[in-house]
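Presented below is the structure to which this report refers.
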Amino acid sequence: MPDNIESILEALAPLLISELRALGYTASSADRDDLLQEIRVRIWKVLRDREGEIFFFDAYVKKIVLSIFIREVKKRARERRLINAAGTDGDLIRGGRGHQAGSGDRLKETVIESLGTLGAAKRRALELRFEGYTFAEIARLNHWSLRKACGIYYRGIAELKDRLAKRGIHDED
Amino acid sequence: MKTDLAQIAEIYRAGIEEKGPGPGTACPAPEDLARLVTGEAGRKERRRILDHVAGCGDCAPLLKSLLRLSGEVDRLTGKAELHQGPKPLLSRRAALGALAGLIGLTVVTYSVIRLAERPVVRGTSGIQVRLISPKQGASLTAGEIEFRWEAVPKASRYAMDVFNSSLERVWRSGPVADASLKLPEDARGLILGGDTYFWRVTAVLEDGREIVSKLAEFSIRN
């Protein structure tokens with residue numbers, strides 16, 4: 001195993017745990033060690049199968065890390081479903097999905113409907129941005145340049161504001 | 001009713017939270033999201049997944065986590081992956097440079113052609129050598145070529161040049177006393193059928209000064 005893999009895994013561990021937490025799953029230092037151990041084992045297996053030589057080592061490490069992370073998320077999601085099915089409230093961190101009434105509902109419907117009328121690329125850019133994605137992430141996911149991602153987003157915003165204004169919702173900015 | 005962008009985003013997120021899983025029949029497998037992050041998903045698949053993820057309160061956070069992990073692995077393994085879409089064959093700057101170069105080349109070529117066509121008058125004013133035949137753009141057979149031009153006052157002799165389409169000289173006459181010249185037999189072998197040629201006349205005045213005519217084009221029929 002390359003010497004630097006240990007330092008890479010050690011540096012990666014805090015993010016693995018914080019991402020699990022960000023998704024609403026509790027994670028402890030024991031989980032951290034388990035995850036790291038699984039990644040080590042997988043890397044070791046790959047090295048053994050390929051007699052110690054891995055081209056594109058970074059790509060392998062990434063695949064293994066993402067795969068272990070996904071497995072962990074799936075496992076925890078299954079556990080949560082079982083707990084929910086047993087009548088326990090498993091939604092500990094996210095909290096319940098609130099419900100607003102009255103004009104809030106109408107506003108929500110109007111915003112989502114207006115978004116739905118935009119072109120696919122604009123809608124996608126706006127929705128991802130609203131979900132908290134950065135322009136760089138939106139560009140990377142869509143295989144766009146950063147400039148294109150920004151351009152599509154701002155044109156989409158202008159169009160959305162226009163459509164909302166036609167339905168009586170005006171922009172304060 | 002009034003709102004702002006932050007509120008719209010908030011409203012959207014709340015709506016998605018309430019709605020649960022996004023558009024389409026089912027959420028894509030997390031492995032598909034990983035393929036999207038590593039760039040292995042094809043174009044159609046990428047669009048399908050992103051259209052779903054953009055409107056799905058469950059998949060969007062997971063994809064975001066995968067993106068962050070992927071970026072961190074890249075950073076730690078020393079691979080600076082700033083993937084910004086397929087690179088164009090030429091960057092904007094290179095394309096502009098190439099365009100400017102092309103325009104420059106065109107201007108230089110045009111200037112050279114204009115310069116070649118310009119009558120060169122050395123030490124004379126108002127005296128020109130006017131070409132009579134073959135006329136500009138004439139088409140003729142090699143056997144019937146006879147060059148004629150207007151006689152220049154005080155010209156002691158003339159010389160005539162024939163150039164090919166690349167403006168390389170293919171034949172030059174010796175001193176000619178009259179204002180006409182029949183292409184000699186030996187020169188006819190150099191003038192090929194189907195090609196285009198240019199000709200010009202240089203008049204040498206008694207005092208040694210030279211007046212050069214414009215270039216005139218003619219072509220030879222097969």
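Convention: chains lettered A, B, ... in structure tokens order; per-chain residue numbering from 1; ligands numbered from 1 as shown.
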Please identify all polymer residues within 10 Å of Leu140 (chain B), counting only C-alpha atoms, omitting same-chain residues fewer than 2 positions from it, and present them as a PDB file with C-alpha atoms, in the first residue's frame.
ATOM      1  CA  PRO B 134      -4.404  40.566 -75.012  1.00  0.00           C
ATOM      2  CA  GLY B 137      -8.942  38.442 -68.699  1.00  0.00           C
ATOM      3  CA  ALA B 138      -8.653  37.425 -72.373  1.00  0.00           C
ATOM      4  CA  ALA B 142      -0.857  29.615 -77.475  1.00  0.00           C
ATOM      5  CA  GLY B 143      -0.407  30.012 -81.218  1.00  0.00           C
ATOM      6  CA  GLU B 144      -2.257  33.286 -81.559  1.00  0.00           C
ATOM      7  CA  ILE B 145      -0.569  35.255 -78.823  1.00  0.00           C
ATOM      8  CA  GLY B 193      -2.893  25.290 -72.071  1.00  0.00           C
ATOM      9  CA  GLY B 194      -5.478  25.633 -69.318  1.00  0.00           C
ATOM     10  CA  PHE B 218      -4.797  36.175 -69.775  1.00  0.00           C
ATOM     11  CA  SER B 219      -5.502  32.469 -69.976  1.00  0.00           C
ATOM     12  CA  ILE B 220      -4.601  29.834 -72.511  1.00  0.00           C
ATOM     13  CA  ARG B 221      -7.280  27.524 -73.866  1.00  0.00           C
ATOM     14  CA  ASN B 222      -6.521  23.829 -74.169  1.00  0.00           C
TER      15      ASN B 222
END
Chain A residues near chain B within 7 Å, closest pair each, using only C-alpha atoms, as a tab-separated table:
residue	atom	partner	partner_atom	distance
A:Ile8	CA	B:Leu76	CA	5.9
A:Glu19	CA	B:Ser65	CA	5.7
A:Leu23	CA	B:Pro61	CA	6.6
A:Asp58	CA	B:Thr77	CA	5.8
A:Lys62	CA	B:Val73	CA	6.0
A:Leu66	CA	B:Leu66	CA	6.6
A:Ile70	CA	B:Pro30	CA	6.3
A:Arg97	CA	B:Glu18	CA	5.7
A:Lys108	CA	B:Ile11	CA	5.6
A:Val111	CA	B:Tyr12	CA	6.8
A:Ile112	CA	B:Tyr12	CA	6.5
A:Arg124	CA	B:Ala54	CA	5.7
A:Glu127	CA	B:Ala54	CA	5.2
A:Leu128	CA	B:Ala54	CA	5.1
A:Phe130	CA	B:Ala9	CA	4.9
A:Glu131	CA	B:Arg13	CA	6.7
A:Ala139	CA	B:Gln84	CA	6.0
A:Arg140	CA	B:Gln84	CA	5.4
A:Leu141	CA	B:Val37	CA	6.8
A:His143	CA	B:Gly85	CA	3.7
A:Trp144	CA	B:Gly85	CA	4.3
A:Ser145	CA	B:Gln84	CA	4.6
A:Leu146	CA	B:Gln84	CA	6.3
A:Gly168	CA	B:Met1	CA	6.2
A:Ile169	CA	B:Met1	CA	4.9
A:His170	CA	B:Lys2	CA	4.8
A:Asp171	CA	B:Thr3	CA	5.2
A:Glu172	CA	B:Asp4	CA	5.2
A:Asp173	CA	B:Asp4	CA	6.0
field: Members of region 12-190 of chain B assigned strand (DSSP E) by DSSP, as a PyMOL selection string
entry: chain B and resi 131-133+138-140+146-149+155-164+169-172+180-182
Dump of C-alpha atoms for the selected residues, as a JSON list (two decimals), in the first residue's frame:
[["chain", "number", "residue", "atom", "x", "y", "z"],
["B", 131, "LEU", "CA", -1.42, 47.46, -72.63],
["B", 132, "ILE", "CA", -3.68, 46.89, -75.63],
["B", 133, "SER", "CA", -3.86, 43.14, -76.20],
["B", 138, "ALA", "CA", -8.65, 37.43, -72.37],
["B", 139, "SER", "CA", -8.70, 33.73, -73.29],
["B", 140, "LEU", "CA", -6.64, 32.62, -76.28],
["B", 146, "GLU", "CA", 0.55, 38.63, -79.95],
["B", 147, "PHE", "CA", 1.21, 41.29, -77.36],
["B", 148, "ARG", "CA", 0.55, 44.93, -78.24],
["B", 149, "TRP", "CA", 0.82, 48.08, -76.21],
["B", 155, "ALA", "CA", 11.09, 55.11, -75.34],
["B", 156, "SER", "CA", 14.31, 53.66, -76.72],
["B", 157, "ARG", "CA", 13.24, 50.04, -76.21],
["B", 158, "TYR", "CA", 10.81, 47.79, -74.39],
["B", 159, "ALA", "CA", 10.99, 44.52, -72.51],
["B", 160, "MET", "CA", 8.12, 42.17, -71.86],
["B", 161, "ASP", "CA", 7.62, 39.72, -69.01],
["B", 162, "VAL", "CA", 5.20, 36.80, -68.66],
["B", 163, "PHE", "CA", 4.35, 35.50, -65.18],
["B", 164, "ASN", "CA", 2.48, 32.40, -64.11],
["B", 169, "ARG", "CA", 8.36, 34.98, -64.14],
["B", 170, "VAL", "CA", 8.24, 32.28, -66.84],
["B", 171, "TRP", "CA", 9.63, 34.27, -69.73],
["B", 172, "ARG", "CA", 11.29, 37.61, -70.44],
["B", 180, "SER", "CA", 4.19, 44.78, -80.24],
["B", 181, "LEU", "CA", 5.62, 41.33, -79.89],
["B", 182, "LYS", "CA", 4.67, 37.91, -81.19]]
- prompt: Which neighbours of Ala77 (chain A) fall inside 12 Å, counting only C-alpha atoms, when residues of the same chain fewer than 3 positions from it are skipped, and could you give them as a ChimeraX atom specification?
  reply: /A:20,23-26,70-74,80-84,90-91 /B:30,58,62
field: Long-range neighbours of Ile17 (chain A) as a ChimeraX atom specification, 9 Å cut-off, only C-alpha atoms, 5 positions minimum in chain
entry: /A:22,26-29,31-32
- request: Within 7 Å of Ile64 (chain A), counting only C-alpha atoms, which residues show up once you throw out same-chain ones fewer than 3 positions away? Write them as a PyMOL selection string, please.
  value: chain A and resi 39+42+60-61+67-68
Output N, CA and C atoms for every residue in that selection, as an mmCIF file, in the first residue's frame.
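See again13.cif below for the written result:
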data_model
loop_
_atom_site.group_PDB
_atom_site.id
_atom_site.type_symbol
_atom_site.label_atom_id
_atom_site.label_comp_id
_atom_site.auth_asym_id
_atom_site.auth_seq_id
_atom_site.Cartn_x
_atom_site.Cartn_y
_atom_site.Cartn_z
ATOM 1 N N ILE A 39 -12.189 1.035 3.965
ATOM 2 C CA ILE A 39 -11.491 1.625 2.810
ATOM 3 C C ILE A 39 -10.098 1.005 2.666
ATOM 4 N N ARG A 42 -10.395 -2.476 1.190
ATOM 5 C CA ARG A 42 -10.715 -2.454 -0.252
ATOM 6 C C ARG A 42 -9.487 -2.067 -1.076
ATOM 7 N N TYR A 60 -9.077 5.174 -8.300
ATOM 8 C CA TYR A 60 -9.460 3.993 -7.510
ATOM 9 C C TYR A 60 -9.843 4.398 -6.096
ATOM 10 N N VAL A 61 -9.020 5.249 -5.499
ATOM 11 C CA VAL A 61 -9.293 5.682 -4.123
ATOM 12 C C VAL A 61 -10.654 6.361 -4.070
ATOM 13 N N SER A 67 -17.911 4.520 -2.771
ATOM 14 C CA SER A 67 -18.679 3.284 -2.632
ATOM 15 C C SER A 67 -18.906 2.930 -1.156
ATOM 16 N N ILE A 68 -17.883 3.081 -0.331
ATOM 17 C CA ILE A 68 -18.024 2.798 1.103
ATOM 18 C C ILE A 68 -19.013 3.776 1.735
#
message: Set the distance at 12 Å and use only C-alpha atoms: which residues neighbour Gly151 (chain A) once local chain neighbours fewer than 4 positions away are removed? I'd like the list as a ChimeraX atom specification.
response: /A:121-122,125-126,135,138-139,144-147,155-158
task: Mind giving me the straight-line distance from CA of Ile127 (chain B) to CA of Glu206 (chain B) in Å, one decimal?
output: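 CA of Glu206 (chain B) lies at a distance of 13.4 Å from CA of Ile127 (chain B).
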For Leu160 (chain A), list every protein, DNA or RNA residue within 8 Å, evaluated using only C-alpha atoms, and leave out those in the same chain fewer than 6 positions away; present the list as a CSV table (one decimal) with N, CA and C atoms, in the first residue's frame.
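Output file out-v6.csv follows:
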chain,number,residue,atom,x,y,z
A,114,SER,N,-44.0,28.0,-11.4
A,114,SER,CA,-43.2,28.9,-12.4
A,114,SER,C,-41.9,28.3,-12.7
A,115,LEU,N,-41.2,27.7,-11.7
A,115,LEU,CA,-40.0,27.0,-12.0
A,115,LEU,C,-40.2,25.9,-13.1
A,118,LEU,N,-39.9,26.9,-16.8
A,118,LEU,CA,-38.6,27.3,-17.4
A,118,LEU,C,-38.0,26.2,-18.2
- request: List every residue of chain A that DSSP, applied to the backbone, labels as helix (DSSP H, G or I), and write the result as a ChimeraX atom specification.
  value: /A:4-22,29-49,57-85,103-116,120-130,135-142,146-166
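One distance worth recording is that between CA of Gln128 (chain B) and CA of Ile211 (chain B), which is 6.6 Å.
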- request: Between CA of Ala149 (chain A) and CA of Glu113 (chain A), measure the distance and give it in Å to one decimal.
  value: 22.2 Å
